[in-house]
Structure formats: structure tokens, C-alpha cells
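Here the structure comes first, spelled out in C-alpha cells, and everything after it is commentary.
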Amino acid sequence: MTHDATLSSLTGLDLRPLEQRLRGTLLRPGMATYDSARQLMNRAVTRRPAAIAQVADSQDVVEVVRFARDRGLPLGVRSGGHSPAGYGMVDDALVVDLSGMKRVTIDPDARLARVEAGVTSGELAAFAQPHGLAISTGDTSSVGFGGLATGGGIGFMVRKYGLTIDNLIAAQVVTASGKLVTASEQEHPDLFWAIRGGGGNFGIITEFIVRLAEVRQILGGDLVLPASREVIRGYLDYVADAPEGLTTIAHLMHAPPAPYIPEARVGEVVLSILVTWVGDESEGQRAVAPLRALAEPVADTIAWMPYPAIFNFTAHQAVPICHAIRSVLTHEVSDEVVDAALEAVERANSPFSLVQFRGLGGAMARVGREATAFAHRDARYMVTLLALWMDENEDATPHRAWIEAVWPAIRATGTGVYVNFLEEEGHERIRQAYPLPTLARLAEVKRTYDPHNMFRFNQNIAPAMSA
């Protein structure tokens with residue numbers, strides 16, 4: 001069976017048999033909510049699916065997959081809509097929209113949560129907080145759990161509790177054959193291995209069972225320092241080997257008009273360090289002290305707070321905006337890269353564009369590189385270029401040119417890439433997300449569960465060829 005059908009396959013196709021079997025809603029062009037439903041977080045990407053199935057539960061997903069399979073229809077999948085490449089919507093295709101599947105069930109005694117794929121990072125944090133529990137998820141409240149977890153999940157507490165997938169116990173997966181299966185260490189272990197970092201290549205995950213950690217309060221907030229080579233170098237030299245309770249995300253950027261930024265400093269190039277410390281408060285203050293000592297802060301909002309409050313500092317990232325991205329995982333960040341990043345931000349043609357530095361290591365690095373499909377466990381840093389602009393009608397060319405001008409210097413030191421931070425960058429970049437042994441194993445799992453590459457609108461891994 002082929003799955004290369006396009007709009008011609010859906011034009012005039014009677015969708016009523018599918019619609020009648022769904023508990024959710026089937027949207028088509030011209031319906032009142034179709035245009036809002038097809039919007040993505042990256043407004044630089046505009047797609048018009050032939051139909052959007054706003055599914056209500058796992059059985060709805062089974063029905064859509066079987067309908068598409070039996071008719072050879074192109075099938076897309078959306079969770080939170082944060083894919084930089086815009087894969088959450090596909091032109092002229094039938095799209096499974098998981099964003100309405102938001103059930104969360106928490107067993108506080110076992111410290112386990114059942115999380116449907118449309119639940120966002122902020123929603124899960126809010127559900128878990130009354131029990132004094134949390135899990136490291138996306139650093140923006142609106143990031144959907146489905147895409148986050150299948151890519152790996154580098155979040156606010158990655159150095160303390162590892163990737164999101166490191167806390168995954170089991171998942172419910174709808175395969176290309178239209179079957180709902182459980183993937184765990186005991187059942188379909190090959191599939192369980194692959195979905196932990198292999199993206200949406202192997203099926204549609206409708207529910208996750210995850211292990212939570214005791215996290216009642218954190219020491220968190222934004223430490224804003226004047227940017228210089230010495231400050232950035234000092235940050236980088238410290239954070240990857242800092243106490244594991246400390247996870248940071250630093251943005252080299254123009255200081256925004258945030259309430260805590262002095263008006264006279266707005267627009268200044270700064271290093272904004274978003275801090276999350278898990279553990280004793282006094283130990284956290286000692287862990288943060290070397291960062292505070294790098295320079296006289298422009299602003300310092302670090303305080304003892306409930307974990308969900310950290311999402312307040314990234315609330316602007318939950319607002320749809322146009323963006324372009326390039327990113328690398330790397331062992332070291334050279335002075336040449338620091339200088340290139342400083343120069344790039346100083347001459348950025350948008351006041352919102354930035355360079356992001358993350359220190360990794362800690363719990364993430366203690367998991368074996370063969371244990372999950374996310375294999376870049378030894379990366380100490382992630383460096384990301386983000387061109388951001390507000391107007392979706394604005395010409396994207398200058399913004400992409402800004403990225404391409406500095407990208408060679410950043411990429412030169414890279415050893416891999418986080419699959420969730422990829423645009424449509426070609427097969428070479430997908431290969432950089434997975435070491436060759438990992439990629440070969442993923443292709444074999446793909447052949448088992450999706451031999452016809454039905455789930456291909458993603459950072460795609462083709463099924464291994466039959467002997």
C-alpha cells in the first residue's frame with residue numbers, strides 16, 4: 001500500500017463514515033473554527049490541511065489511523081504545535097489533532113502520572129504541584145507533552161532529573177496498522193526504546209505513564225547580567241559542572257521591557273540566565289553565587305517559589321510568533337563561538353533575536369547512550385540560534401540571513417542536534433540527531449511498526465530495507 005496520496009485523494013472523499021465514528025470533531029476548510037485550529041506556534045509556517053480530526057480519546061485516534069490507512073491518505077499529527085518545522089499541520093492531509101486530549105491522573109503515593117498527549121508542560125506542572133510533585137518538561141508552558149517526550153524532553157530540571165523520557169514508564173501507542181498497544185520495558189520493548197527520542201516516527205502516542213519527583217519549591221528566577229565575553233565564558237565554564245540541582249538556560253539577547261528590567265537598561269545586550277535549583281534553599285543560594293559573582297546584575301529575581309511559577313518567566317514564549325532556528329549539541333563552546341554570538345546579537349535585525357546557551361550533564365549524562373533513542377548523553381552544552389519576528393507578513397529573508405551568517409561558526413563545534421530543535425534541514429541534519437548505530441536500530445523498529453512510512457511528516461526515519 002502506498003501513502004503518497006495528496007489532496008486529490010481527499011477532494012470529494014466522503015468523510016462522513018469517519019465523522020460518525022469520532023467522539024471528537026472533524027474540521028474541514030470553510031468551517032468556523034478551521035482557521036484557528038490550523039494555526040501553529042511558528043507563524044512563519046502556514047499550512048492548510050484537508051481535514052483536522054480533533055480527537056477525544058485513543059479510540060478516536062485508532063479510527064483516524066485506520067481510515068487513513070485503508071484509503072492511502074497522507075496523515076499528520078499535532079500535539080502542542082511547537083514543531084519548529086511546523087509538522088503539526090500538513091498541507092492537503094488528514095491531521096490528527098491531539099491537543100484536546102488533556103486528561104491527567106496522578107497517584108501521589110506511587111508518584112506516577114498518566115498523561116494524555118495533548119497535556120501541556122504548564123498544565124502538568126499545575127496538576128502535580130498540589131501533591132508536591134513535578135517532572136522536568138518543556139520550558140514553555142504551552143509545549144505539548146506528545147512532541148516533547150517523543151523527542152527527548154530537555155527541560156528546567158534536566159540536570160537533576162534527566163530528560164522527560166528518562167522518567168517514562170510506559171506509553172499507549174497507536175501503530176500504523178491501527179492497533180493500540182502498550183510500549184514498556186516488558187511489552188514491545190523495541191518500540192519503547194524507539195519512542196524515547198525517535199520522534200513521531202513509530203506511531204501516535206496517546207497516553208504516557210511517567211514517574212514524578214518530589215519537588216515542592218524551587219529556587220528560581222531570572223539573573224540578568226551585562227553581556228561580555230568574560231561573563232559568557234564564566235557562565236559556560238561553571239554550569240555544566242555545577243551542582244546537579246542547578247539547571248540553567250541563558251539567553252544572549254537585548255534586554256526586554258520586562259517589569260524587573262530598569263528602563264534605562266532596556267535594549268542593552270545582556271545574558272539573561274533562567275535559574276532552576278531543586279534542593280535545599282541555602283545550598284541553592286551557594287550554587288547560584290558563582291553566577292551572581294560574574295558581574296553586577298542588571299536584575300536579579302531569583303527567589304524561593306513553587307515550581308510552576310518558573311513558567312511565568314517564559315510566558316512570552318507561549319505567544320505565537322514567527323521564528324527560525326538552528327541548534328547544536330556540543331562538548332565545548334569556544335571563545336570564537338562566544339565572540340560570534342556576541343557580534344550576531346549586537347547586529348541582529350530584530351530586537352527579539354537571540355542566542356541560547358544551556359548547560360547539560362548531570363542526571364541526563366548518567367543514562368547510557370544506548371538506553372534510549374536519544375543518544376547524545378555526553379553533550380555538555382546546547383547552543384541555539386533563534387531569529388524571532390512578530391509580523392507573519394514580514395519578509396523572512398533578512399532574519400534567515402542573520403542566522404545563516406553566524407551558523408557556520410556555531411555549527412563547527414557541534415557533535416549532534418536535539419531533534420525537537422530542528423527545522424526542515426535535510427537528511428544530513430536528521431542523521432546528526434542520531435549516531436549511526438542508533439539510526440540503524442531506529443530504521444529496523446520503523447520497518448516493524450511502520451513499514452510503509454505512514455508517519456513521515458516529521459524528522460523522518462525511513463524504514464530499513466527488507467533483505
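Scheme for the C-alpha cells: letters A, B, ... for chains in order shown; per-chain residue numbers from 1; ligand numbers from 1 in order shown.
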Within 8 Å of region 458-460 of chain A using only C-alpha atoms, minus same-chain residues under 4 positions, as a list in words | Tyr87, Gly199, Gly200, Asn201, Val419, Leu422, Glu424 and Ile430 of chain A
Which parts of region 150-187 of chain A does DSSP call strand (DSSP E) when run on the backbone here, written out as a ChimeraX atom specification?
-> /A:168-174,180-184
Prev. selection, C-alpha atoms, output as a compact mmCIF listing (two decimals), in the first residue's frame:
```txt
# COMPACT_ATOMS: atom_id res chain seq x y z
CA LEU A 168 8.78 7.35 31.20
CA ILE A 169 7.41 4.03 32.46
CA ALA A 170 5.06 3.10 29.62
CA ALA A 171 3.05 4.59 26.76
CA GLN A 172 -0.10 3.83 24.79
CA VAL A 173 0.75 3.87 21.09
CA VAL A 174 -1.48 3.65 18.01
CA LEU A 180 -3.45 0.37 20.22
CA VAL A 181 -0.51 -1.21 22.04
CA THR A 182 1.34 -0.65 25.29
CA ALA A 183 5.06 0.05 24.97
CA SER A 184 7.21 -0.55 28.05
```
Near-Thr137 (chain A) list (12 Å; only C-alpha atoms; drop same-chain fewer than 3 positions) as a ChimeraX atom specification = /A:119-125,134,140-158,161-168,210,212,307-308,310-311
For each of A:Arg43, A:Arg400, A:Arg48, A:Arg377, take the minimum atom-to-atom distance to Gly30 (chain A), counting only C-alpha atoms, then give the residue where this is smallest.
->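 Selected residue with least distance to Gly30 (chain A): A:Arg48.
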Which residue of A:Arg69, A:His323, A:Arg114, A:His331 approaches Gly361 (chain A) most closely, using only C-alpha atoms = A:His331
Would you mind telling me which residue in A:Arg456, A:Arg38, A:Arg265, A:His251 lies nearest to Met382 (chain A) when using only C-alpha atoms?
-> A:His251
Among the residues A:Arg66, A:Arg366, A:Arg229, A:Arg429, the one that comes closest to Ala295 (chain A) [using only C-alpha atoms] |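 Nearest to Ala295 (chain A): A:Arg229.
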Find the residues around Met305 (chain A) up to 10 Å (only C-alpha atoms counted), leave out those fewer than 5 positions away in its own chain, and share them as a VMD selection string.
-> chain A and resid 216 to 221 310
Fewer than 4 positions away in the same chain doesn't count, so skip those; otherwise give me all residues within 9 Å of region 89-94 of chain A, counting only C-alpha atoms, as an MDAnalysis selection string.
-> chainID A and resid 5:8 10 38:40 46:53 64 68 73:78 81 457
Hey, can you check how far CA of Ala443 (chain A) sits from CA of Ala117 (chain A)?
->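 So the answer is 23.9 Å.
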Going by DSSP on the backbone, which bits of region 329-450 of chain A are helix (DSSP H, G or I)? Write them as a ChimeraX atom specification, please.
-> /A:335-346,362-366,397-411,419-421,427-433,436-449
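With only C-alpha atoms taken into account, the protein and nucleic acid residues at most 9 Å from Asp241 (chain A) (excluding it and anything under 5 positions from it in its own chain) are Gly359, Leu360, Gly361, Gly362 and Arg380 of chain A.
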Output N, CA and C atoms for every residue in that selection, as a PDB file, in the first residue's frame.
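Generated file (again_24.pdb):
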```pdb
ATOM      1  N   GLY A 359      23.522  24.634  29.788  1.00  0.00           N
ATOM      2  CA  GLY A 359      24.446  23.680  30.370  1.00  0.00           C
ATOM      3  C   GLY A 359      23.729  22.370  30.630  1.00  0.00           C
ATOM      4  N   LEU A 360      24.327  21.269  30.209  1.00  0.00           N
ATOM      5  CA  LEU A 360      23.710  19.952  30.357  1.00  0.00           C
ATOM      6  C   LEU A 360      24.511  19.131  31.365  1.00  0.00           C
ATOM      7  N   GLY A 361      24.636  17.832  31.136  1.00  0.00           N
ATOM      8  CA  GLY A 361      25.346  16.982  32.083  1.00  0.00           C
ATOM      9  C   GLY A 361      24.427  16.530  33.205  1.00  0.00           C
ATOM     10  N   GLY A 362      25.001  16.193  34.338  1.00  0.00           N
ATOM     11  CA  GLY A 362      24.217  15.753  35.479  1.00  0.00           C
ATOM     12  C   GLY A 362      23.480  14.460  35.202  1.00  0.00           C
ATOM     13  N   ARG A 380      27.666  18.425  26.688  1.00  0.00           N
ATOM     14  CA  ARG A 380      27.734  19.299  27.863  1.00  0.00           C
ATOM     15  C   ARG A 380      26.949  20.595  27.669  1.00  0.00           C
TER      16      ARG A 380
END
```
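Here CA of Ala401 (chain A) is placed at a distance of 28.5 Å from CA of Thr248 (chain A).
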Go through A:Trp402, A:Asp139, A:Gly368, A:Leu439 and flag the residue nearest Asn349 (chain A), using only C-alpha atoms for the distances.
->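 Among the listed residues, A:Trp402 lies closest to Asn349 (chain A).
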In Å, rounded to a single decimal, give me how far CA of Ala240 (chain A) is from CA of Ala227 (chain A).
-> 19.2 Å
So which one's closest to Tyr238 (chain A), A:Pro290, A:Pro29, A:Pro320, A:Pro437? Using only C-alpha atoms, please.
->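 Using only C-alpha atoms, Tyr238 (chain A) sits closest to A:Pro290.
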For Trp407 (chain A): contacts at 12 Å, only C-alpha atoms, fewer than 6 positions along chain excluded, given as a PyMOL selection string = chain A and resi 324-328+337+340-341+344+355+383-387+400-401+413-414
